[in-house]
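Okay, so here's the structure we're looking at.
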Amino acid sequence: MQQPQYKTNFELKFLARMQTGQYLGILVGAILLKFVITFFAVNLVSTMIPMTSAAGSVVNYIAVFAVQVLASVLNVGTSFIFLKSACGMTSSIGDLFCGFQQNTVKILKIGAVIAVIESICMIPLEIASAQYTELINSLAPLSGGSAGELGLFRAGSSMDSNALLESYSILYSASMKFYLIMFVCSVISLILTLPFFPAFYMVLDFPDWSASTILKKSFEVMSGHKLRLFLLYVSFIPAFLLSLFTCGIMLIWVIPYQSMALTNLYLDIMAVRNKTVDNTVTI
């Protein structure tokens, strides 16, 4: 008996383009609402817990981590909306909060595991960010300007050309180092969280499973598919780069499009997996 075949990433993206165009309104609305809620929560934490001391920085970091974990409940809601859209079902903005009607504690446990991995991967970036900010603050006063103004680059600076070029060189090197660390940390974080890709979808498909079971099954399901998922992420890099030329306006299409393609990948993996199991049982 012929084994079921997986769709190629090209086929997944082609299908995602049609689905995104059909349900663009609800998809964009869900993503924007989730972003606004998370953005204001993080800014509220930053306002209430200023990073003016070492202790304040630690408490702020922990609070932001907690917000990140809580956001996993909204991630489940977003997954629900995209699953329904991929299956041709009508959804509403209220579905974004369906995670609060599930076993919320289970969702938070899964979100915490993923958040811990991401946070650990970003520690070098946090250190580099602090060093980069300190460098900028140390360079700005050289021309009598404030750190916020970066007077170093203002016209009419009293610095001689050699000092100005040296400062440019220092800042350029520091910037390249900072962005390189950002890139490496992001790639490592992505690679380490690839096995957990199906987790939030599985919360919806298998509500009786515990958090540990979902994490374990995620590893099993993603066996042999992590490179496929990674290449799907990479295939969207040109679209994100092109969005820079539209001042980010193109992201209104690109982000839902990418999320829909990822949802189709999950459905494709599970469909073939289920057919394989059924064929094995039949035989």
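In the structure tokens, the first chain shown is A, the next is B, and so on; residue numbers restart at 1 for each chain, and ligands run from 1 in the order shown.
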
**OP:** Please provide the set of residues having any atom within 12 Å of Ile31 of chain A, restricted to only C-alpha atoms, with same-chain residues fewer than 6 positions apart removed, written as a ChimeraX atom specification.
**Re:** /A:24-25,37-39,74-79,81-82,93,95-96,251-260

Original post:
Excluding same-chain residues fewer than 5 positions from Gln102 of chain A, what lies within 10 Å of it counting only C-alpha atoms, as a PyMOL selection string?
Top reply: chain A and resi 73+76+97+107+203-204+207

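Minimum distance to Thr8 of chain A across A:Asn264, A:Ser129, A:Asn103, A:Ser57 (counting only C-alpha atoms) occurs at A:Asn264.
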
**OP:** May I have all residues of segment 46-246 of chain A that DSSP, computed from the backbone, assigns to helix (DSSP H, G or I), given as a VMD selection string?
**Re:** chain A and resid 46 to 48 54 to 86 93 to 101 104 to 121 123 to 143 151 to 153 161 to 196 199 to 205 211 to 221 226 to 234 237 to 246

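For the residues A:Phe196, A:Phe236, A:Phe40, A:Tyr61, ranking by smallest atom-to-atom distance to Ile123 of chain A using only C-alpha atoms places A:Tyr61 first.
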
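Computed from the coordinates, the atom CA of Ile214 of chain A to atom CA of Ala199 of chain A distance equals 6.1 Å.
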
**OP:** Considering only C-alpha atoms, return as a PyMOL selection string whatever protein or nucleic-acid residues lie within 12 Å of Val105 of chain A, sequence-local ones (same chain, fewer than 3 positions apart) excluded.
**Re:** chain A and resi 69-70+72-73+99-102+108-112+203+210-211

Same residues, N, CA and C atoms, saved as a short mmCIF file (atom, residue, chain, number, x, y, z; two decimals), in the first residue's frame:
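That gives us result_7.cif:
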```cif
data_model
loop_
_atom_site.label_atom_id
_atom_site.label_comp_id
_atom_site.auth_asym_id
_atom_site.auth_seq_id
_atom_site.Cartn_x
_atom_site.Cartn_y
_atom_site.Cartn_z
N VAL A 69 5.22 34.16 29.88
CA VAL A 69 4.55 32.89 30.16
C VAL A 69 3.04 33.05 30.03
N LEU A 70 2.51 34.14 30.58
CA LEU A 70 1.07 34.39 30.50
C LEU A 70 0.61 34.56 29.05
N SER A 72 1.43 32.89 26.67
CA SER A 72 1.24 31.57 26.04
C SER A 72 -0.24 31.21 25.95
N VAL A 73 -1.05 31.74 26.89
CA VAL A 73 -2.49 31.49 26.83
C VAL A 73 -3.07 32.13 25.58
N GLY A 99 -7.97 30.02 25.49
CA GLY A 99 -7.03 29.37 26.40
C GLY A 99 -7.44 29.48 27.86
N PHE A 100 -8.20 30.52 28.18
CA PHE A 100 -8.67 30.69 29.55
C PHE A 100 -9.83 29.75 29.87
N GLN A 101 -10.39 29.13 28.83
CA GLN A 101 -11.46 28.16 29.03
C GLN A 101 -10.94 26.74 29.03
N GLN A 102 -9.66 26.58 28.69
CA GLN A 102 -9.02 25.27 28.71
C GLN A 102 -8.40 25.09 30.11
N LEU A 108 0.15 27.20 30.90
CA LEU A 108 1.22 27.98 31.53
C LEU A 108 2.47 27.13 31.76
N LYS A 109 2.29 25.87 32.09
CA LYS A 109 3.44 24.98 32.29
C LYS A 109 4.21 24.82 30.98
N ILE A 110 3.47 24.59 29.91
CA ILE A 110 4.11 24.45 28.59
C ILE A 110 4.79 25.76 28.20
N GLY A 111 4.09 26.87 28.40
CA GLY A 111 4.66 28.17 28.08
C GLY A 111 5.90 28.47 28.88
N ALA A 112 5.92 28.03 30.15
CA ALA A 112 7.07 28.28 31.01
C ALA A 112 8.30 27.53 30.51
N VAL A 203 -2.54 21.26 22.53
CA VAL A 203 -3.39 21.60 23.67
C VAL A 203 -4.85 21.61 23.24
N SER A 210 -1.77 15.70 29.54
CA SER A 210 -1.11 16.57 30.51
C SER A 210 -0.02 17.38 29.81
N ALA A 211 0.54 18.36 30.50
CA ALA A 211 1.59 19.20 29.93
C ALA A 211 2.81 18.37 29.56
#
```

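Among the candidates A:Trp209, A:Gln5, A:Tyr23, A:Met182, the one nearest to Met122 of chain A when counting only C-alpha atoms is A:Met182.
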
**OP:** Would you kindly return, as a PyMOL selection string, each protein, DNA or RNA residue with an atom no farther than 12 Å from any atom of Tyr266 of chain A, considering only C-alpha atoms and excluding same-chain residues fewer than 4 positions away?
**Re:** chain A and resi 6-7+9+12+79+82-83+86+195-202+205+218+221-222+225-226+228-229+232+259-262+270-273
